[in-house]
Each structure stands twice: as C-alpha cells, then as structure tokens.
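Heads up, work.csv below (CSV, C-alpha atoms and all ligand atoms):
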chain,number,residue,atom,x,y,z
A,1,MET,CA,-15.4,23.6,-3.6
A,2,ASP,CA,-15.4,26.3,-6.2
A,3,ARG,CA,-14.3,25.2,-9.7
A,4,CYS,CA,-11.7,27.2,-11.6
A,5,ASP,CA,-10.1,27.2,-15.0
A,6,THR,CA,-6.8,25.3,-14.5
A,7,GLN,CA,-4.1,27.2,-16.5
A,8,SER,CA,-1.3,25.3,-18.3
A,9,LEU,CA,2.0,27.0,-17.7
A,10,THR,CA,5.3,26.1,-19.3
A,11,ALA,CA,9.0,26.6,-18.6
A,12,THR,CA,9.3,30.3,-19.7
A,13,ASP,CA,10.4,33.0,-17.3
A,14,GLN,CA,7.0,34.7,-17.7
A,15,ASP,CA,5.1,31.5,-16.8
A,16,LEU,CA,7.4,30.8,-13.8
A,17,ASP,CA,6.7,34.4,-12.6
A,18,GLN,CA,3.0,33.8,-13.0
A,19,ALA,CA,3.2,30.5,-11.1
A,20,ALA,CA,5.1,32.1,-8.3
A,21,MET,CA,2.7,35.0,-8.1
A,22,LEU,CA,-0.2,32.5,-7.8
A,23,LEU,CA,1.5,30.7,-5.0
A,24,GLN,CA,2.1,34.0,-3.2
A,25,ALA,CA,-1.6,34.8,-3.6
A,26,GLY,CA,-2.5,31.6,-1.8
A,27,LYS,CA,-3.4,29.6,-4.9
A,28,LEU,CA,-2.6,26.0,-5.7
A,29,VAL,CA,-0.1,25.3,-8.5
A,30,ALA,CA,1.0,21.8,-9.5
A,31,PHE,CA,4.7,21.6,-10.5
A,32,PRO,CA,7.2,19.0,-11.7
A,33,THR,CA,9.9,17.5,-9.5
A,34,GLU,CA,12.4,14.8,-10.3
A,35,THR,CA,10.2,12.3,-8.4
A,36,VAL,CA,6.5,13.0,-9.1
A,37,TYR,CA,4.4,16.2,-9.7
A,38,GLY,CA,3.7,18.1,-6.5
A,39,LEU,CA,0.5,20.1,-5.6
A,40,GLY,CA,2.1,23.2,-4.3
A,41,ALA,CA,0.8,25.9,-1.9
A,42,ASP,CA,2.6,28.6,0.2
A,43,ALA,CA,3.5,26.5,3.3
A,44,THR,CA,3.3,29.6,5.5
A,45,ASN,CA,-0.3,30.3,4.6
A,46,GLY,CA,-2.7,28.1,6.5
A,47,GLU,CA,-5.6,28.7,4.2
A,48,ALA,CA,-3.6,27.8,1.1
A,49,VAL,CA,-2.5,24.6,2.8
A,50,ALA,CA,-6.1,23.8,3.8
A,51,ALA,CA,-6.9,24.2,0.1
A,52,ILE,CA,-4.4,21.4,-0.7
A,53,TYR,CA,-6.2,19.0,1.6
A,54,ALA,CA,-9.6,20.0,0.2
A,55,ALA,CA,-8.5,19.5,-3.5
A,56,LYS,CA,-6.9,16.1,-2.7
A,57,GLY,CA,-9.6,14.9,-0.3
A,58,ARG,CA,-6.8,14.2,2.1
A,59,PRO,CA,-7.2,13.6,5.8
A,60,GLN,CA,-6.0,16.7,7.6
A,61,PHE,CA,-3.8,15.0,10.1
A,62,ASN,CA,-1.4,13.8,7.4
A,63,PRO,CA,1.5,16.3,7.4
A,64,LEU,CA,3.0,17.7,4.1
A,65,ILE,CA,6.6,18.1,2.9
A,66,SER,CA,7.9,21.6,2.8
A,67,HIS,CA,10.0,22.1,-0.4
A,68,VAL,CA,12.9,24.5,-0.3
A,69,ALA,CA,15.3,25.9,-2.9
A,70,THR,CA,18.3,26.3,-0.6
A,71,LEU,CA,19.9,25.0,2.6
A,72,GLU,CA,19.6,28.5,4.0
A,73,MET,CA,15.8,28.4,3.5
A,74,ALA,CA,15.7,24.9,5.1
A,75,GLU,CA,17.6,26.1,8.2
A,76,ARG,CA,14.9,28.7,8.9
A,77,LEU,CA,12.5,25.8,9.2
A,78,ALA,CA,14.4,23.0,10.9
A,79,GLU,CA,17.1,22.3,13.3
A,80,PHE,CA,19.9,20.6,11.4
A,81,ASN,CA,22.3,18.2,13.2
A,82,ASP,CA,25.6,16.9,11.8
A,83,THR,CA,24.0,13.9,10.2
A,84,ALA,CA,21.5,16.0,8.5
A,85,ARG,CA,24.2,18.4,7.2
A,86,ALA,CA,26.3,15.5,5.9
A,87,LEU,CA,23.3,14.0,4.0
A,88,VAL,CA,22.2,17.3,2.6
A,89,GLN,CA,25.7,18.1,1.3
A,90,LYS,CA,25.8,14.7,-0.4
A,91,PHE,CA,22.2,14.3,-1.7
A,92,TRP,CA,20.5,17.7,-2.1
A,93,PRO,CA,19.0,18.7,-4.3
A,94,GLY,CA,17.6,15.2,-4.7
A,95,PRO,CA,14.9,12.7,-3.7
A,96,LEU,CA,15.6,12.7,0.0
A,97,THR,CA,13.1,14.1,2.5
A,98,LEU,CA,14.4,14.7,6.1
A,99,ILE,CA,12.3,14.7,9.2
A,100,LEU,CA,13.8,17.2,11.7
A,101,PRO,CA,12.7,19.2,14.7
A,102,LYS,CA,11.1,22.5,13.8
A,103,THR,CA,12.9,25.7,14.7
A,104,ALA,CA,11.4,27.8,17.4
A,105,HIS,CA,10.2,30.4,14.9
A,106,CYS,CA,9.4,28.1,12.0
A,107,PRO,CA,7.0,30.0,9.7
A,108,VAL,CA,5.4,26.9,8.3
A,109,SER,CA,1.7,26.7,9.2
A,110,GLU,CA,0.6,24.2,11.9
A,111,LEU,CA,-1.7,22.6,9.4
A,112,ALA,CA,1.1,21.7,7.0
A,113,CYS,CA,2.9,20.0,9.9
A,114,ALA,CA,-0.3,18.5,11.2
A,115,GLY,CA,0.5,19.9,14.6
A,116,LEU,CA,3.7,17.9,15.0
A,117,ASP,CA,6.9,19.5,16.4
A,118,THR,CA,8.8,18.0,13.5
A,119,ILE,CA,8.9,19.0,9.9
A,120,ALA,CA,9.5,17.2,6.6
A,121,ILE,CA,11.9,19.1,4.3
A,122,ARG,CA,13.1,18.4,0.8
A,123,CYS,CA,15.0,20.2,-1.9
A,124,PRO,CA,13.9,18.8,-5.3
A,125,ASP,CA,16.4,18.3,-8.1
A,126,HIS,CA,14.4,20.0,-10.8
A,127,SER,CA,15.2,23.3,-12.4
A,128,LEU,CA,11.5,24.4,-12.7
A,129,ALA,CA,10.7,23.4,-9.1
A,130,LEU,CA,13.8,25.2,-7.8
A,131,GLY,CA,13.1,28.3,-9.9
A,132,LEU,CA,9.5,28.4,-8.7
A,133,ILE,CA,10.4,28.1,-5.0
A,134,ALA,CA,13.1,30.7,-5.3
A,135,ARG,CA,10.7,33.1,-7.1
A,136,ALA,CA,7.9,32.5,-4.6
A,137,ASP,CA,10.6,33.1,-2.0
A,138,ARG,CA,9.0,30.9,0.6
A,139,PRO,CA,8.7,27.2,1.4
A,140,ILE,CA,6.2,25.4,-0.7
A,141,ALA,CA,4.1,22.6,0.8
A,142,ALA,CA,3.4,19.9,-1.7
A,143,PRO,CA,2.0,16.4,-1.6
A,144,SER,CA,1.8,14.4,-4.8
A,145,ALA,CA,-0.7,16.1,-7.2
A,146,ASN,CA,-3.4,13.5,-7.2
A,147,PRO,CA,-6.6,12.8,-5.4
A,148,SER,CA,-5.8,11.1,-2.1
A,149,GLY,CA,-5.3,7.4,-2.5
A,150,GLY,CA,-4.9,7.5,-6.3
A,151,ILE,CA,-1.9,6.9,-8.4
A,152,SER,CA,0.8,9.6,-8.2
A,153,PRO,CA,1.2,11.8,-11.3
A,154,THR,CA,4.4,11.7,-13.4
A,155,SER,CA,3.2,14.0,-16.1
A,156,ALA,CA,1.2,17.2,-16.4
A,157,ALA,CA,-1.6,15.3,-18.1
A,158,HIS,CA,-1.9,12.9,-15.1
A,159,VAL,CA,-2.3,16.0,-12.9
A,160,ARG,CA,-5.1,17.4,-15.1
A,161,ASP,CA,-6.8,14.0,-15.1
A,162,GLY,CA,-7.2,14.1,-11.4
A,163,LEU,CA,-7.4,17.7,-10.4
A,164,ASN,CA,-8.7,19.7,-13.4
A,165,GLY,CA,-10.9,22.6,-12.3
A,166,GLN,CA,-9.8,22.3,-8.7
A,167,ILE,CA,-6.3,24.0,-8.9
A,168,GLU,CA,-5.2,27.3,-10.4
A,169,ALA,CA,-2.4,26.1,-12.6
A,170,ILE,CA,-0.2,23.2,-13.7
A,171,LEU,CA,3.4,23.9,-14.6
A,172,ASP,CA,4.4,21.5,-17.3
A,173,GLY,CA,7.9,20.2,-17.1
A,174,GLY,CA,7.4,16.9,-19.1
A,175,PRO,CA,7.7,13.5,-17.6
A,176,CYS,CA,9.4,13.0,-14.2
A,177,ASP,CA,12.8,11.4,-14.2
A,178,PHE,CA,12.5,9.1,-11.1
A,179,GLY,CA,8.8,8.3,-11.1
A,180,VAL,CA,8.6,7.3,-7.4
A,181,GLU,CA,8.5,9.7,-4.5
A,182,SER,CA,11.4,10.8,-2.4
A,183,THR,CA,12.9,8.6,0.3
A,184,ILE,CA,11.8,9.8,3.8
A,185,LEU,CA,14.4,9.6,6.5
A,186,ASP,CA,13.5,10.5,10.2
A,187,LEU,CA,16.6,12.1,11.8
A,188,THR,CA,14.9,13.0,15.1
A,189,ARG,CA,16.1,9.5,16.2
A,190,ALA,CA,18.6,7.0,14.9
A,191,PRO,CA,18.2,7.4,11.1
A,192,THR,CA,14.9,5.6,10.4
A,193,LEU,CA,13.5,4.9,7.0
A,194,LEU,CA,9.8,6.0,7.0
A,195,ARG,CA,9.3,5.5,3.2
A,196,PRO,CA,11.6,3.9,0.7
A,197,GLY,CA,11.9,6.1,-2.4
A,198,GLY,CA,14.1,7.5,-5.2
A,199,LEU,CA,17.3,7.5,-3.1
A,200,THR,CA,18.2,3.9,-2.2
A,201,SER,CA,18.7,2.6,1.3
A,202,GLU,CA,22.1,1.1,0.2
A,203,THR,CA,23.3,4.6,-0.9
A,204,LEU,CA,22.2,6.2,2.3
A,205,GLU,CA,23.7,3.4,4.5
A,206,ALA,CA,27.0,3.8,2.6
A,207,VAL,CA,27.2,7.4,3.6
A,208,LEU,CA,25.8,7.0,7.1
A,209,GLY,CA,28.1,4.0,7.9
A,210,THR,CA,25.2,2.4,9.8
A,211,PRO,CA,22.1,0.4,8.7
A,212,LEU,CA,18.8,2.3,8.6
A,213,GLN,CA,16.3,1.6,11.3
A,214,ASN,CA,12.7,0.6,10.6
A,215,PRO,CA,10.0,2.5,12.5
A,216,PRO,CA,8.7,0.5,15.4
A,217,LYS,CA,5.3,-1.1,14.7
A,218,SER,CA,3.8,0.8,17.6
A,219,ASP,CA,4.4,4.2,15.8
A,220,LYS,CA,1.1,5.9,15.0
A,221,ILE,CA,0.7,6.2,11.2
A,222,THR,CA,1.7,9.7,10.2
A,223,ALA,CA,1.9,9.1,6.5
A,224,PRO,CA,-0.8,8.3,3.9
A,225,GLY,CA,2.1,6.6,2.1
A,226,GLN,CA,2.3,4.4,5.2
A,227,THR,CA,-1.4,3.3,5.1
A,228,ALA,CA,-2.0,-0.1,3.7
A,229,SER,CA,-4.0,1.0,0.6
A,230,HIS,CA,-2.4,3.8,-1.4
A,231,TYR,CA,-1.4,4.6,-4.9
A,232,ALA,CA,-4.2,2.4,-6.0
A,233,PRO,CA,-5.7,1.7,-9.5
A,234,ASN,CA,-9.4,0.8,-9.7
A,235,THR,CA,-8.6,-2.6,-11.2
A,236,LYS,CA,-7.6,-5.4,-8.9
A,237,LEU,CA,-3.8,-5.8,-8.8
A,238,ILE,CA,-2.1,-9.1,-8.0
A,239,LEU,CA,1.7,-9.3,-7.4
A,240,ASN,CA,4.6,-11.6,-7.9
A,241,GLN,CA,3.1,-13.5,-10.8
A,242,THR,CA,5.4,-15.6,-12.9
A,243,THR,CA,2.9,-15.9,-15.8
A,244,CYS,CA,-0.1,-13.8,-16.8
A,245,PRO,CA,-3.4,-15.4,-15.8
A,246,THR,CA,-6.0,-15.6,-18.6
A,247,ASN,CA,-8.2,-12.4,-18.8
A,248,ALA,CA,-5.6,-10.3,-17.0
A,249,LEU,CA,-3.3,-7.5,-18.1
A,250,TRP,CA,0.4,-8.0,-17.5
A,251,LEU,CA,2.6,-5.5,-15.7
A,252,GLY,CA,6.0,-7.0,-16.6
A,253,PHE,CA,9.6,-6.6,-15.6
A,254,GLY,CA,11.8,-7.8,-18.5
A,255,PRO,CA,10.7,-8.7,-22.0
A,256,MET,CA,7.0,-9.0,-22.6
A,257,PRO,CA,5.9,-12.7,-22.8
A,258,LYS,CA,4.5,-13.7,-26.1
A,259,ASN,CA,0.7,-13.4,-26.7
A,260,THR,CA,0.2,-11.4,-23.6
A,261,ASN,CA,-1.6,-8.1,-23.2
A,262,GLY,CA,-0.1,-5.4,-21.1
A,263,LEU,CA,3.1,-3.4,-20.6
A,264,THR,CA,6.6,-4.0,-19.3
A,265,LEU,CA,8.2,-1.6,-16.8
A,266,SER,CA,11.5,-2.3,-18.4
A,267,GLN,CA,12.4,-4.5,-21.3
A,268,THR,CA,15.9,-4.8,-20.0
A,269,SER,CA,15.0,-5.3,-16.3
A,270,ASN,CA,16.4,-1.9,-15.4
A,271,LEU,CA,15.1,-0.7,-12.0
A,272,LYS,CA,15.5,3.0,-12.7
A,273,GLU,CA,13.5,2.7,-15.9
A,274,ALA,CA,10.9,0.6,-14.1
A,275,ALA,CA,10.5,3.2,-11.4
A,276,ALA,CA,10.1,6.0,-13.9
A,277,ASN,CA,7.4,4.0,-15.8
A,278,LEU,CA,5.6,2.6,-12.7
A,279,PHE,CA,2.8,5.1,-12.1
A,280,ALA,CA,2.2,5.9,-15.8
A,281,HIS,CA,2.0,2.2,-16.7
A,282,LEU,CA,-0.5,1.5,-13.8
A,283,ARG,CA,-2.7,4.3,-15.1
A,284,LYS,CA,-2.6,3.0,-18.7
A,285,LEU,CA,-3.4,-0.6,-17.7
A,286,ASP,CA,-6.2,0.7,-15.4
A,287,ALA,CA,-7.7,2.6,-18.3
A,288,GLN,CA,-7.2,-0.4,-20.7
A,289,ALA,CA,-8.8,-2.8,-18.1
A,290,ALA,CA,-11.8,-0.5,-17.8
A,291,SER,CA,-12.3,-0.2,-21.5
A,292,LYS,CA,-12.0,-3.9,-22.1
A,293,ASN,CA,-13.9,-5.0,-19.0
A,294,ILE,CA,-10.8,-6.8,-17.7
A,295,LYS,CA,-10.8,-7.4,-13.9
A,296,THR,CA,-7.2,-8.0,-13.0
A,297,ILE,CA,-3.7,-6.6,-13.5
A,298,ALA,CA,-1.0,-9.1,-12.8
A,299,ALA,CA,2.5,-7.9,-11.9
A,300,ALA,CA,5.7,-9.7,-12.3
A,301,PRO,CA,8.1,-10.1,-9.4
A,302,ILE,CA,10.5,-7.1,-8.9
A,303,PRO,CA,13.9,-7.7,-7.2
A,304,ASN,CA,13.8,-6.2,-3.7
A,305,THR,CA,17.1,-4.3,-3.9
A,306,GLY,CA,17.9,-0.7,-4.7
A,307,LEU,CA,15.0,1.2,-6.3
A,308,GLY,CA,13.2,-2.2,-6.3
A,309,LEU,CA,12.4,-1.5,-2.6
A,310,ALA,CA,10.4,1.6,-3.5
A,311,ILE,CA,8.7,0.0,-6.4
A,312,ASN,CA,7.6,-3.0,-4.3
A,313,ASP,CA,6.5,-0.7,-1.5
A,314,ARG,CA,4.2,1.2,-4.0
A,315,LEU,CA,3.0,-2.0,-5.7
A,316,THR,CA,2.1,-3.6,-2.3
A,317,ARG,CA,0.0,-0.6,-1.3
A,318,ALA,CA,-1.6,-0.5,-4.8
A,319,ALA,CA,-2.6,-4.1,-4.3
A,320,ALA,CA,-3.9,-3.8,-0.8
A,321,PRO,CA,-7.7,-4.1,-0.2
A,322,LYS,CA,-9.3,-0.7,-0.3
A,323,THR,CA,-11.6,-1.1,2.7
A,324,ASN,CA,-11.5,2.2,4.7
A,325,SER,CA,-8.2,3.1,3.1
A,326,PHE,CA,-7.9,6.5,4.8
A,327,PHE,CA,-8.4,5.7,8.4
A,401,LIG,O1,8.7,12.9,-3.9
A,401,LIG,C1,8.0,13.4,-3.0
A,401,LIG,O2,8.3,13.4,-1.8
A,401,LIG,C2,6.7,14.1,-3.5
A,401,LIG,C3,7.1,15.3,-4.3
A,401,LIG,C4,5.9,16.2,-4.7
A,401,LIG,O3,8.0,16.1,-3.6
A,401,LIG,N1,5.9,14.4,-2.4
A,401,LIG,C5,5.2,13.5,-1.7
A,401,LIG,O4,4.4,14.0,-0.7
A,401,LIG,O5,5.3,12.3,-1.9
A,401,LIG,P1,3.3,13.2,0.1
A,401,LIG,O6,2.5,14.2,0.8
A,401,LIG,O7,2.6,12.4,-0.9
A,401,LIG,O8,4.1,12.4,1.1
A,401,LIG,C6,4.8,13.0,2.2
A,401,LIG,C7,5.0,12.0,3.3
A,401,LIG,C8,3.6,11.6,3.9
A,401,LIG,O9,3.6,10.2,3.9
A,401,LIG,C9,3.7,12.3,5.3
A,401,LIG,O10,2.9,11.7,6.2
A,401,LIG,C10,5.2,12.3,5.6
A,401,LIG,O11,5.7,12.7,4.3
A,401,LIG,N2,5.5,13.3,6.6
A,401,LIG,C11,5.4,14.7,6.4
A,401,LIG,N3,5.8,15.3,7.6
A,401,LIG,C12,6.1,14.4,8.4
A,401,LIG,C13,6.6,14.4,9.8
A,401,LIG,N4,6.8,15.5,10.5
A,401,LIG,N5,6.9,13.2,10.3
A,401,LIG,C14,6.7,12.0,9.7
A,401,LIG,N6,6.3,11.9,8.4
A,401,LIG,C15,6.0,13.1,7.8
A,402,MG,MG,1.2,10.9,-2.4
Any chance you could give the structure as structure tokens?
Ligand code: TXA
Ligand code: MG
Amino acid sequence: MDRCDTQSLTATDQDLDQAAMLLQAGKLVAFPTETVYGLGADATNGEAVAAIYAAKGRPQFNPLISHVATLEMAERLAEFNDTARALVQKFWPGPLTLILPKTAHCPVSELACAGLDTIAIRCPDHSLALGLIARADRPIAAPSANPSGGISPTSAAHVRDGLNGQIEAILDGGPCDFGVESTILDLTRAPTLLRPGGLTSETLEAVLGTPLQNPPKSDKITAPGQTASHYAPNTKLILNQTTCPTNALWLGFGPMPKNTNGLTLSQTSNLKEAAANLFAHLRKLDAQAASKNIKTIAAAPIPNTGLGLAINDRLTRAAAPKTNSFF
C-alpha cells in the first residue's frame, strides 16, 4: 500500500472542513467518538471502504458500522421498527449500534455491509464526529482505528502508533470518554446482544422491558469483536488474579497493592473510569513489559455487572490464545 503523510487535524472549523473534504474524496480519516477512535471512510464509496480493510489488515467479510449524524440520515439506510425508534429516541447520540434490515435503496456499499442484507448503524455522541459526518453529508463507515486484532485506540497518539503513513489524516479530539466500543444490539430478531459495550445491558433491558437474548452458538461469526482473540497486547495476559505473580505487571481494579509494578484501572473501583482507562493502560503495560523483558500482565477480577461486562469481554479476548486469530 502507498504510504502518505498522515496530517494532524484539530477541532477548528477549517480542519473539520478539510477532514470532510478528504472523506468526500475517498480518503481515510481517523476521528474521535465517545467510545474509541474510528477509521472513517465514505460508506457509499466501495473503494474508500476497501482502503479501510487494507489499512487495518482486516478480513473483508467483517462488516463495518455506518456512522450517521441524524435519525433522518439513518432512515435512508435502515428500516426502523418501533423498538428501534424507541431506543434511538432514548439513547442516540450514544454508544448504541443497531443492526437493522437495509432499505431497498440503501446507498452504503456492499463491501461495508459485507454482502449482508442488514446494516449496523450508530450515531456517536461526540461533537467532532457529528460535525464531521454532517459536513461530509454522507454515512461514514468506521471500525476502530487500529491494525486488526490490536488494542483499540482511545487517543490520537494511539491511532498514529498503529496507522501512521497509511491514512490521510487524524482528527484529534483528545482522549475518548467511554474507552470501550459501542454496545451492538441486533433488532432483526428479538433484541439480541451481539457485543456488550458502552451502554449497559441493564439500561437497555430497563427500557425494553425484556431481557436481552444472546446470539445462538450456531450463528456464524460476523464480528471480529466476536472472534476469540481480539484487542490483544503482545504480552501474555492472565485474568482474575487476586495477587500479582512475581515478574508480572499488574493491571489492577482498586488501589495498587504495595511493592507492585503496573497500573490500576480505577483507584476507587469505578467501572466507568476503568472502561475509559482500559485500552490505554493495556498499551502502556505492553510497552513497559517489552522494555523490561517482562512476560506477563496479570489482571485483577472486574465485577461482571454494568460496564464490567464490556470490560471483561475485551479482557477475555485480549487474553485468548492468538493462534489463527482472524479465521
Ligand atoms: O464504538 C464503536 O462501535 C466503534 C466506533 C469507532 O464507532 N466502532 C467499532 O467498529 O467498534 P468495529 O468495526 O471495530 O466493530 C463493529 C462490529 C463488528 O464486530 C462487526 O462485525 C459488527 O459490528 N457488525 C457490523 N455490521 C453488522 C451486521 N450487519 N450484523 C452483525 N454484526 C455487524
Ligand atoms: Mg475494533
């Protein structure tokens, strides 16, 4: 793939116009959302979408989320039912991705939907993301802005670490608020949780009035986020440790134990803070392990409620063996 100079853009009107123009010209622009940084391309331009897969080294049959700025834009892409409308009214903009049937004249490229007759749509709760999509005036396909299988980026610097020279620009909006990806809910059947994320299952269930379904085991894997190994550091990660083994780095939840090297996700055991720190801490510990020749990162147990579900999901995939991780 051709290398390019990756521009740094900031939150000025001029830079937003520039970023939108690049997207309209079929270029790749990384941008901040409330969850993680996305690697954006014009979702209606098949070649631009193909460039996303090439830059990430991502298997082509994994579909992408189309990001929209308004419900009106979303309704041109997907058939909304009453449940979808109710959820959108309550939770958009926000970290909720809906899987819905595509409209008959959906302009999103087949490649972005990986040939499926359904589409993933989300309206991010971030002023720069919304400003960019509105200016580009088209849906923006965007996976997390990291090489496939790596740790998702929660800052512009993380994006540059992984994709410098391979994308046209990075729009810097500072660190992401949530730090874990959006919750993915399939509404083409009884509401089914495809990926736990920034919006908790408890919150969704309270509005739906029914428990969320889990996808049947027989479902073919459509999501890289659903493969066993994903979001992975290079250093071996072990989970649910109550003490830090010798010669390991500690990824804690709660106060740091004495005489232990590492980081805590939240000094006060706050799940929101832990989610926001998760990927950045994994990156820091991975770099520290490499420089000190340490072979293991040991993670403390995280409660499996609320945002803890998304954190444990990501940690489990980060800890899974990396054999053949992408099919
Ligand atoms: O928070 C997020 O969702 C971030 C930011 C950038 O918006 N994006 C993100 O995208 O996490 P990505 O590509 O890393 O994950 C999108 C997930 C994948 O697991 C994909 O397989 C799934 O959405 N997906 C997309 N279209 C789908 C469809 N039609 N049916 C089922 N799953 C789908
Ligand atoms: Mg991802």
task = Measuring atom to atom with only C-alpha atoms and all ligand atoms, identify which of A:Gln166, A:Gln288, A:Asn146, A:Ser127 is nearest to ligand MG 402 (chain A).
result =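 Closest candidate: A:Asn146.
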Build an axis-aligned box that encloses every atom of ligand LIG 401 (chain A) listed in the file, pad it by 6 Å on each side, and report its centre and edge lengths in Å to one decimal, as JSON.
{"center_x": 5.6, "center_y": 13.2, "center_z": 2.9, "size_x": 18.2, "size_y": 18.0, "size_z": 27.2}
Can you tell me which residues come within 9 Å of ligand MG 402 (chain A) when counting only C-alpha atoms and all ligand atoms, ideally as a PDB file with C-alpha atoms, in the coordinates of the input?
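Saved as part.pdb:
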ATOM      1  CA  VAL A  36       6.500  13.000  -9.100  1.00  0.00           C
ATOM      2  CA  GLY A  38       3.700  18.100  -6.500  1.00  0.00           C
ATOM      3  CA  PRO A 143       2.000  16.400  -1.600  1.00  0.00           C
ATOM      4  CA  SER A 144       1.800  14.400  -4.800  1.00  0.00           C
ATOM      5  CA  ALA A 145      -0.700  16.100  -7.200  1.00  0.00           C
ATOM      6  CA  ASN A 146      -3.400  13.500  -7.200  1.00  0.00           C
ATOM      7  CA  PRO A 147      -6.600  12.800  -5.400  1.00  0.00           C
ATOM      8  CA  SER A 148      -5.800  11.100  -2.100  1.00  0.00           C
ATOM      9  CA  GLY A 149      -5.300   7.400  -2.500  1.00  0.00           C
ATOM     10  CA  GLY A 150      -4.900   7.500  -6.300  1.00  0.00           C
ATOM     11  CA  ILE A 151      -1.900   6.900  -8.400  1.00  0.00           C
ATOM     12  CA  SER A 152       0.800   9.600  -8.200  1.00  0.00           C
ATOM     13  CA  PRO A 153       1.200  11.800 -11.300  1.00  0.00           C
ATOM     14  CA  GLU A 181       8.500   9.700  -4.500  1.00  0.00           C
ATOM     15  CA  PRO A 224      -0.800   8.300   3.900  1.00  0.00           C
ATOM     16  CA  GLY A 225       2.100   6.600   2.100  1.00  0.00           C
ATOM     17  CA  HIS A 230      -2.400   3.800  -1.400  1.00  0.00           C
ATOM     18  CA  TYR A 231      -1.400   4.600  -4.900  1.00  0.00           C
TER      19      TYR A 231
END
message = Which residue is closest to A:Val108? Choose from A:Asp137, A:Asp42, A:Glu75, A:Asp125 and count all atoms listed in the file.
response =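 Among the listed residues, A:Asp42 lies closest to A:Val108.
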key: Nearest candidate to ligand LIG 401 (chain A) (options A:Thr97, A:Ser8, A:Thr83, A:Gln89; using all atoms listed in the file)   =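 The shortest atom-to-atom distance to ligand LIG 401 (chain A) comes from A:Thr97.
For the residues A:Asp2, A:Glu47, A:Asp186, A:Asp15, ranking by smallest atom-to-atom distance to ligand LIG 401 (chain A) using only C-alpha atoms and all ligand atoms places A:Asp186 first.
Put simply, atom CA of A:Leu271 is 26.4 Å away from atom CA of A:Ala120.
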query = Separation of atom CA of A:Ala69 and atom CA of A:Ala30, in Å?
reply =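 Atom CA of A:Ala69 sits 16.3 Å away from atom CA of A:Ala30.
Among the candidates A:Lys258, A:Lys236, A:Lys217, A:Arg283, the residue lying nearest to A:Arg317 is A:Lys236 (atoms considered: all atoms listed in the file).
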ask   = Excluding same-chain residues fewer than 2 positions from A:Ala287, what lies within 12 Å of it counting all atoms listed in the file, as a VMD selection string?
value = chain A and resid 161 233 to 235 249 262 280 to 285 289 to 297
key: 6 Å contact set for A:Ala41, only C-alpha atoms, chain neighbours under 2 positions out, as a VMD selection string   = chain A and resid 23 28 43 48 to 49 140 to 141
query = In terms of the shortest atom-to-atom distance over only C-alpha atoms and all ligand atoms, which of A:Thr305, A:Ser155, A:Thr316, A:Asn247 is closest to ligand LIG 401 (chain A)?
reply =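 Nearest to ligand LIG 401 (chain A): A:Ser155.
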query = How many Å separate atom CA of A:Val207 from atom CA of A:Ala86?
reply =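 Result for atom CA of A:Val207 versus atom CA of A:Ala86: 8.5 Å, one decimal.
Summary of the local environment: counting all atoms listed in the file, residues at most 8 Å from A:Pro124, other than itself and those fewer than 6 positions away along its chain, are Thr33, Glu34, His67, Val68, Ala69, Trp92, Pro93, Gly94, Pro95 and Leu130 of chain A.
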key: Long-range neighbours of A:Ala50 as a ChimeraX atom specification, 12 Å cut-off, all atoms listed in the file, 4 positions minimum in chain   = /A:1,26-28,40-46,54-64,109-114,141-142
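Taking all atoms listed in the file into account, the protein, DNA and RNA residues within 12 Å of (0.4, -17.8, -15.7) read A:Ile238, A:Leu239, A:Asn240, A:Gln241, A:Thr242, A:Thr243, A:Cys244, A:Pro245, A:Thr246, A:Asn247, A:Ala248, A:Leu249, A:Trp250, A:Pro257, A:Lys258, A:Asn259, A:Thr260, A:Ala298, A:Ala299, A:Ala300.
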task = Find the spatial neighbours of A:Phe178, counting only C-alpha atoms, within a cut-off of 10 Å - ignore same-chain residues fewer than 6 positions away - and output them as a list in words.
result =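 With the cut-off at 10 Å, the set is Thr33, Glu34, Thr35, Val36, Pro95, Thr154, Gly197, Gly198, Leu199, Lys272, Glu273, Ala274, Ala275, Ala276, Asn277, Leu278 and Leu307 of chain A.
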